[in-house]
file run16.txt (compact mmCIF, C-alpha atoms)
# COMPACT_ATOMS: atom_id res chain seq x y z
CA MET A 119 -19.95 -14.39 34.16
CA ASN A 120 -18.21 -12.68 31.28
CA PRO A 121 -14.64 -13.71 30.44
CA SER A 122 -11.61 -11.65 31.32
CA LEU A 123 -9.68 -9.91 28.59
CA ARG A 124 -6.95 -12.54 28.87
CA GLY A 125 -9.50 -15.36 28.67
CA LEU A 126 -11.25 -13.97 25.61
CA ILE A 127 -8.00 -13.42 23.74
CA HIS A 128 -6.98 -17.01 24.53
CA GLU A 129 -10.38 -18.28 23.33
CA ILE A 130 -10.25 -16.34 20.08
CA SER A 131 -6.62 -17.23 19.43
CA ALA A 132 -7.45 -20.92 19.74
CA CYS A 133 -10.43 -20.62 17.39
CA LEU A 134 -8.45 -18.71 14.78
CA SER A 135 -5.62 -21.23 15.02
CA GLU A 136 -8.08 -24.06 14.34
CA GLN A 137 -9.19 -22.22 11.20
CA GLY A 138 -5.62 -21.89 9.96
CA VAL A 139 -5.45 -18.10 10.35
CA ASP A 140 -1.92 -16.69 10.32
CA ALA A 141 -0.69 -15.18 13.60
CA PRO A 142 -3.91 -16.00 15.47
CA ARG A 143 -2.90 -14.39 18.76
CA LEU A 144 -1.88 -11.18 17.04
CA SER A 145 -5.23 -11.10 15.24
CA ALA A 146 -7.08 -11.61 18.52
CA GLN A 147 -5.12 -8.81 20.18
CA VAL A 148 -5.63 -6.37 17.31
CA LEU A 149 -9.36 -7.00 17.24
CA ALA A 150 -9.70 -6.63 21.01
CA ALA A 151 -7.65 -3.42 21.03
CA PHE A 152 -9.76 -2.03 18.20
CA VAL A 153 -13.07 -2.71 19.94
CA LEU A 154 -11.83 -1.44 23.29
CA GLY A 155 -10.13 1.63 21.83
CA CYS A 156 -6.78 0.86 23.41
CA THR A 157 -3.28 -0.30 22.51
CA ARG A 158 -1.95 -3.85 22.56
CA MET A 159 0.20 -2.80 25.53
CA ASP A 160 -2.99 -1.83 27.38
CA LEU A 161 -4.28 -5.35 26.81
CA LEU A 162 -1.29 -6.74 28.69
CA LEU A 163 -1.52 -4.20 31.50
CA HIS A 164 -5.23 -4.87 32.07
CA SER A 165 -5.41 -8.53 31.07
CA GLU A 166 -7.55 -9.50 34.09
CA ARG A 167 -10.22 -6.92 33.34
CA GLU A 168 -13.71 -8.42 33.07
CA LEU A 169 -15.37 -7.46 29.81
CA SER A 170 -18.98 -6.41 29.39
CA ALA A 171 -21.35 -8.61 27.41
CA ALA A 172 -21.47 -6.01 24.65
CA GLU A 173 -17.67 -5.88 24.37
CA VAL A 174 -17.42 -9.67 24.25
CA GLU A 175 -20.03 -9.87 21.48
CA ARG A 176 -18.42 -7.14 19.38
CA ILE A 177 -15.00 -8.80 19.58
CA ARG A 178 -16.44 -12.23 18.77
CA VAL A 179 -18.32 -10.85 15.75
CA LEU A 180 -15.09 -9.44 14.32
CA ALA A 181 -13.24 -12.65 15.17
CA ARG A 182 -15.75 -14.64 13.12
CA ARG A 183 -14.96 -12.43 10.13
CA ARG A 184 -11.24 -13.04 10.67
CA ALA A 185 -11.87 -16.80 10.92
CA ARG A 186 -13.40 -16.66 7.42
CA GLY A 187 -10.12 -15.25 6.14
CA GLU A 188 -11.04 -11.57 5.87
CA PRO A 189 -7.87 -9.46 6.28
CA LEU A 190 -7.47 -7.55 9.52
CA ALA A 191 -7.08 -4.27 7.64
CA TYR A 192 -10.57 -4.57 6.13
CA ILE A 193 -12.12 -5.62 9.44
CA ILE A 194 -10.78 -2.65 11.41
CA GLY A 195 -10.77 -0.32 8.38
CA GLN A 196 -7.18 0.83 8.57
CA ARG A 197 -3.56 -0.11 7.97
CA GLU A 198 -0.27 1.48 8.98
CA PHE A 199 2.09 2.61 6.23
CA TYR A 200 5.35 4.46 6.86
CA GLY A 201 4.27 5.16 10.43
CA LEU A 202 0.95 6.69 9.36
CA GLU A 203 -2.54 5.22 9.71
CA PHE A 204 -4.49 4.89 6.46
CA ILE A 205 -8.15 4.17 5.87
CA VAL A 206 -8.65 1.00 3.83
CA ARG A 207 -11.81 -0.77 2.69
CA LEU A 208 -12.93 -3.57 0.43
CA GLY A 209 -12.08 -2.76 -3.17
CA VAL A 210 -8.79 -1.08 -2.27
CA LEU A 211 -5.42 -2.80 -2.15
CA ILE A 212 -4.02 -3.10 1.38
CA PRO A 213 -0.70 -1.17 1.65
CA ARG A 214 2.41 -3.32 2.15
CA PRO A 215 5.65 -2.53 3.97
CA GLU A 216 7.61 -3.39 0.82
CA THR A 217 6.16 -0.33 -0.92
CA GLU A 218 7.68 1.94 1.73
CA GLY A 219 10.99 1.47 -0.07
CA ILE A 220 9.77 3.84 -2.78
CA VAL A 221 9.33 6.62 -0.22
CA GLU A 222 12.76 5.87 1.23
CA GLU A 223 14.41 6.14 -2.17
CA VAL A 224 12.63 9.39 -3.08
CA ARG A 225 13.80 10.85 0.25
CA ARG A 226 17.34 9.88 -0.70
CA LEU A 227 16.99 11.62 -4.07
CA TYR A 228 15.32 14.86 -2.94
CA GLY A 229 15.77 17.14 0.05
CA PRO A 230 12.90 17.54 2.54
CA ASP A 231 12.22 21.12 1.40
CA SER A 232 12.06 20.22 -2.28
CA CYS A 233 9.17 21.77 -4.20
CA LEU A 234 8.69 18.41 -5.84
CA ARG A 235 5.99 17.86 -8.46
CA PHE A 236 5.08 14.19 -8.56
CA ALA A 237 2.41 11.72 -9.62
CA ASP A 238 1.37 8.45 -7.99
CA LEU A 239 -0.09 6.17 -10.66
CA GLY A 240 -2.61 3.59 -9.49
CA THR A 241 -2.78 5.18 -6.05
CA GLY A 242 -5.30 2.82 -4.42
CA SER A 243 -5.74 3.97 -0.82
CA GLY A 244 -3.37 6.86 -1.50
CA ALA A 245 -0.86 5.50 0.99
CA LEU A 246 2.13 6.10 -1.25
CA GLY A 247 1.15 9.50 -2.63
CA VAL A 248 -0.23 10.87 0.64
CA THR A 249 2.93 9.80 2.45
CA MET A 250 4.93 11.70 -0.14
CA GLY A 251 2.85 14.76 0.66
CA VAL A 252 3.58 14.32 4.36
CA VAL A 253 7.34 13.81 4.13
CA PHE A 254 7.76 16.56 1.49
CA PRO A 255 5.73 19.46 2.92
CA ARG A 256 6.37 21.69 -0.11
CA ALA A 257 5.62 19.03 -2.71
CA ARG A 258 2.56 18.92 -4.94
CA GLY A 259 1.21 15.68 -6.29
CA LEU A 260 -1.45 14.02 -8.41
CA LEU A 261 -2.85 10.71 -7.24
CA VAL A 262 -4.39 8.78 -10.13
CA ASP A 263 -6.68 5.76 -10.19
CA THR A 264 -9.62 4.41 -12.20
CA SER A 265 -11.48 2.91 -9.23
CA ASP A 266 -14.16 5.05 -7.61
CA VAL A 267 -13.73 3.34 -4.23
CA ALA A 268 -9.98 3.90 -4.42
CA LEU A 269 -10.44 7.56 -5.31
CA ARG A 270 -12.83 8.10 -2.40
CA THR A 271 -10.44 6.37 0.00
CA ALA A 272 -7.42 8.32 -1.25
CA ARG A 273 -9.28 11.62 -0.81
CA GLU A 274 -10.24 10.66 2.74
CA ASN A 275 -6.63 9.81 3.53
CA ALA A 276 -5.38 13.07 2.03
CA LEU A 277 -7.80 14.91 4.32
CA ARG A 278 -6.84 12.78 7.32
CA HIS A 279 -3.18 13.66 6.92
CA LYS A 280 -3.84 17.30 5.98
CA VAL A 281 -2.19 17.23 2.54
CA ASP A 282 -5.37 17.73 0.50
CA SER A 283 -4.40 21.31 -0.39
CA ARG A 284 -1.28 20.04 -2.17
CA VAL A 285 -2.21 16.50 -3.21
CA SER A 286 -5.04 16.13 -5.73
CA VAL A 287 -6.85 12.86 -6.38
CA VAL A 288 -7.94 12.47 -10.00
CA LYS A 289 -9.67 9.75 -12.00
CA GLY A 290 -7.65 8.49 -14.92
CA ASP A 291 -6.01 5.51 -16.56
CA PHE A 292 -2.22 5.75 -16.45
CA MET A 293 -2.02 3.62 -19.60
CA PHE A 294 -2.99 6.79 -21.50
CA ALA A 295 -1.54 10.30 -21.57
CA LEU A 296 -2.60 12.17 -18.43
CA PHE A 297 -0.07 14.96 -17.87
CA ARG A 298 1.45 17.84 -19.74
CA PRO A 299 4.79 16.90 -21.30
CA ARG A 300 7.80 17.66 -19.10
CA SER A 301 5.68 18.74 -16.14
CA LEU A 302 6.84 16.40 -13.34
CA GLU A 303 10.07 15.75 -11.45
CA CYS A 304 9.05 12.33 -10.14
CA ILE A 305 6.64 9.52 -10.97
CA ILE A 306 5.97 6.68 -8.55
CA SER A 307 3.77 3.64 -8.91
CA ASN A 308 2.87 0.29 -7.40
CA PRO A 309 1.07 -1.11 -10.46
CA PRO A 310 -0.45 -4.57 -10.85
CA TYR A 311 2.43 -6.95 -11.60
CA ILE A 312 1.30 -10.48 -10.76
CA GLY A 313 1.13 -12.78 -13.77
CA GLU A 314 -1.66 -15.28 -14.30
CA SER A 315 0.95 -18.02 -14.29
CA ASP A 316 2.05 -16.95 -10.79
CA LEU A 317 -1.35 -17.12 -9.09
CA ALA A 318 -0.50 -20.37 -7.33
CA GLU A 319 2.17 -18.49 -5.36
CA VAL A 320 -0.24 -15.82 -4.10
CA GLU A 321 -1.87 -16.23 -0.69
CA PRO A 322 -5.46 -17.43 -1.15
CA ALA A 323 -6.78 -14.70 1.16
CA VAL A 324 -5.22 -12.04 -1.05
CA LEU A 325 -6.95 -13.37 -4.15
CA ALA A 326 -10.21 -13.88 -2.27
CA TRP A 327 -10.46 -10.40 -0.75
CA GLU A 328 -8.28 -7.83 -2.51
CA PRO A 329 -9.11 -6.26 -5.89
CA ARG A 330 -7.68 -8.35 -8.71
CA SER A 331 -7.40 -5.29 -10.95
CA ALA A 332 -4.77 -3.93 -8.53
CA LEU A 333 -2.89 -7.23 -8.41
CA ILE A 334 -3.00 -9.06 -11.73
CA ALA A 335 -1.57 -7.50 -14.87
CA GLY A 336 -2.01 -10.30 -17.38
CA ARG A 337 -0.30 -13.47 -18.45
CA SER A 338 3.28 -12.46 -17.59
CA GLY A 339 2.71 -9.70 -15.03
CA LEU A 340 4.72 -7.23 -17.11
CA GLU A 341 1.86 -6.05 -19.31
CA VAL A 342 1.38 -2.56 -17.82
CA TYR A 343 5.03 -1.53 -17.73
CA PRO A 344 5.72 -0.64 -21.41
CA ALA A 345 2.85 1.85 -21.65
CA LEU A 346 3.53 3.16 -18.15
CA ALA A 347 7.17 3.78 -19.05
CA VAL A 348 6.25 5.68 -22.21
CA ARG A 349 3.72 7.87 -20.38
CA ALA A 350 6.22 8.57 -17.63
CA TRP A 351 8.91 9.47 -20.15
CA ASP A 352 6.60 12.04 -21.76
CA ALA A 353 5.54 13.58 -18.43
CA LEU A 354 8.94 13.76 -16.74
CA LEU A 355 11.31 16.68 -16.97
CA PRO A 356 14.86 15.88 -18.07
CA GLY A 357 16.62 14.51 -15.02
CA GLY A 358 13.32 13.36 -13.56
CA HIS A 359 13.04 10.11 -11.64
CA MET A 360 10.66 7.19 -11.95
CA LEU A 361 10.30 4.52 -9.24
CA LEU A 362 8.18 1.42 -9.79
CA GLU A 363 7.39 -1.55 -7.59
CA MET A 364 7.73 -4.94 -9.25
CA GLY A 365 7.73 -8.67 -8.62
CA TRP A 366 10.88 -10.29 -7.25
CA SER A 367 11.69 -12.04 -10.55
CA GLN A 368 10.93 -9.18 -12.94
CA GLY A 369 14.02 -7.00 -12.53
CA SER A 370 15.93 -7.91 -15.68
CA HIS A 371 12.79 -7.72 -17.83
CA LEU A 372 11.83 -4.33 -16.47
CA VAL A 373 15.34 -2.94 -16.87
CA ARG A 374 15.19 -3.91 -20.54
CA ILE A 375 11.77 -2.27 -20.99
CA LEU A 376 12.94 1.00 -19.42
CA ARG A 377 16.20 1.00 -21.36
CA ASP A 378 14.30 0.56 -24.64
CA VAL A 379 12.17 3.62 -23.83
CA GLY A 380 15.31 5.67 -23.19
CA PHE A 381 15.70 5.76 -19.42
CA CYS A 382 19.19 5.69 -17.94
CA SER A 383 20.81 5.11 -14.54
CA ILE A 384 18.47 2.17 -14.03
CA ARG A 385 18.83 0.47 -10.64
CA VAL A 386 17.07 -2.49 -9.06
CA LEU A 387 16.53 -2.08 -5.30
CA GLN A 388 15.83 -4.80 -2.77
CA ASP A 389 13.24 -4.94 -0.01
CA LEU A 390 14.01 -5.81 3.61
CA ALA A 391 13.80 -9.52 2.78
CA GLY A 392 16.51 -9.12 0.14
CA HIS A 393 14.17 -9.58 -2.82
CA ASP A 394 14.25 -7.35 -5.90
CA ARG A 395 11.29 -5.04 -5.34
CA ILE A 396 11.77 -1.57 -6.86
CA VAL A 397 13.27 -0.29 -10.07
CA ALA A 398 14.52 3.32 -10.18
CA ALA A 399 15.33 5.11 -13.43
CA VAL A 400 16.19 8.58 -14.70
CA LYS A 401 15.11 10.46 -17.79
CA PRO A 402 18.40 11.74 -19.23
CA GLY A 403 19.13 15.36 -19.94
CA GLY A 404 19.32 16.95 -16.51
CA ALA A 405 20.94 16.65 -13.10
CA THR A 406 20.42 13.19 -11.55
call {"tool": "encode", "arguments": {"input": "run16.txt", "output": "structure tokens"}}
result
Amino acid sequence: MNPSLRGLIHEISACLSEQGVDAPRLSAQVLAAFVLGCTRMDLLLHSERELSAAEVERIRVLARRRARGEPLAYIIGQREFYGLEFIVRLGVLIPRPETEGIVEEVRRLYGPDSCLRFADLGTGSGALGVTMGVVFPRARGLLVDTSDVALRTARENALRHKVDSRVSVVKGDFMFALFRPRSLECIISNPPYIGESDLAEVEPAVLAWEPRSALIAGRSGLEVYPALAVRAWDALLPGGHMLLEMGWSQGSHLVRILRDVGFCSIRVLQDLAGHDRIVAAVKPGGAT
């Protein structure tokens, strides 16, 4: 006799807990809901349902992947960001809630009908840049990355959310000049900012599964910011805004880097946990 939905979730939760997986019951529920094509609420409403042998096997196969430490987002192929579902796959950084603060701040700076011209540097899955296209329906953006798998994923997400006519995905290295001078109102980026000396603080699963090129910048973690700041300065119109994600301890260093380039009105913003997470700056010479 095949187990009930409740029984299988209990079984998988116990196995994942033994393997030290974070939030084992949540993982079991997400995997079951994914295989069954339902919501987690449906799991509760139909917890006594007897599963077919095929359903049990599919859920157990995915659970074994989770037990090996593979992130849920890679197993089910998607992750929510700013209330939208994004395709993710191996080789692409998994979007984090902390990055949503960049979208929130841009919405504070610009009205919803703004004909904003922006660039998302190091776009990865495209979560940040595609979300910008969704929340600013008259905006036009360029999503830049060097990774072929990231570019493919970002294009798929732009199509999924119907912004592909206004948001272009292009291959390029943001450490070099990419845009015409004074052509953009806003530049956003979640660049690699983990330092080699900080690797001990990073979750082992993150280092094991996610692309290191999207995580690790170099010895200090600040290596990409000077060149990024210079390229942004050249591309921004006077009065244009730049918003960058950063590590919780990097605020004062990044403020100094941006000030040396010439940016003004530099602010460090906190995430929901109260950690320094985003730096916002303005290119002087226009309305801020």
call {"tool": "atom_distance", "arguments": {"input": "run16.txt", "atom1": "atom CA of A:Lys289", "atom2": "atom CA of A:Thr271"}}
result
12.5 Å
call {"tool": "closest_residue", "arguments": {"input": "run16.txt", "among": "A:Val148, A:Leu134, A:Val221, A:Leu169", "to": "A:Ala191", "atoms": "all atoms listed in the file"}}
result
A:Val148
call {"tool": "closest_residue", "arguments": {"input": "run16.txt", "among": "A:Glu188, A:Glu166, A:Glu303, A:Glu218", "to": "A:Ser232", "atoms": "all atoms listed in the file"}}
result
A:Glu303
call {"tool": "residues_near_point", "arguments": {"input": "run16.txt", "point": "(-13.4, -12.0, 29.5)", "cutoff": "10 Å", "atoms": "only C-alpha atoms", "output": "compact mmCIF listing (two decimals) with C-alpha atoms, keeping the file's coordinate frame"}}
result
# COMPACT_ATOMS: atom_id res chain seq x y z
CA MET A 119 -19.95 -14.39 34.16
CA ASN A 120 -18.21 -12.68 31.28
CA PRO A 121 -14.64 -13.71 30.44
CA SER A 122 -11.61 -11.65 31.32
CA LEU A 123 -9.68 -9.91 28.59
CA ARG A 124 -6.95 -12.54 28.87
CA GLY A 125 -9.50 -15.36 28.67
CA LEU A 126 -11.25 -13.97 25.61
CA ILE A 127 -8.00 -13.42 23.74
CA HIS A 128 -6.98 -17.01 24.53
CA GLU A 129 -10.38 -18.28 23.33
CA SER A 165 -5.41 -8.53 31.07
CA GLU A 166 -7.55 -9.50 34.09
CA ARG A 167 -10.22 -6.92 33.34
CA GLU A 168 -13.71 -8.42 33.07
CA LEU A 169 -15.37 -7.46 29.81
CA SER A 170 -18.98 -6.41 29.39
CA ALA A 171 -21.35 -8.61 27.41
CA GLU A 173 -17.67 -5.88 24.37
CA VAL A 174 -17.42 -9.67 24.25
call {"tool": "closest_residue", "arguments": {"input": "run16.txt", "among": "A:Arg284, A:Arg377, A:Lys401, A:His279", "to": "A:Arg256", "atoms": "all atoms listed in the file"}}
result
A:Arg284
call {"tool": "residues_around", "arguments": {"input": "run16.txt", "residues": "A:Met250", "least_positions_apart": "2", "cutoff": "10 Å", "atoms": "only C-alpha atoms", "output": "ChimeraX atom specification"}}
result
/A:220-222,224-225,234,236-238,244-248,252-255,257-259,281,285,306
call {"tool": "residues_around", "arguments": {"input": "run16.txt", "residues": "A:Ile396", "least_positions_apart": "5", "cutoff": "8 Å", "atoms": "all atoms listed in the file", "output": "number ranges by chain"}}
result
A: 219-220, 361-364, 386-389
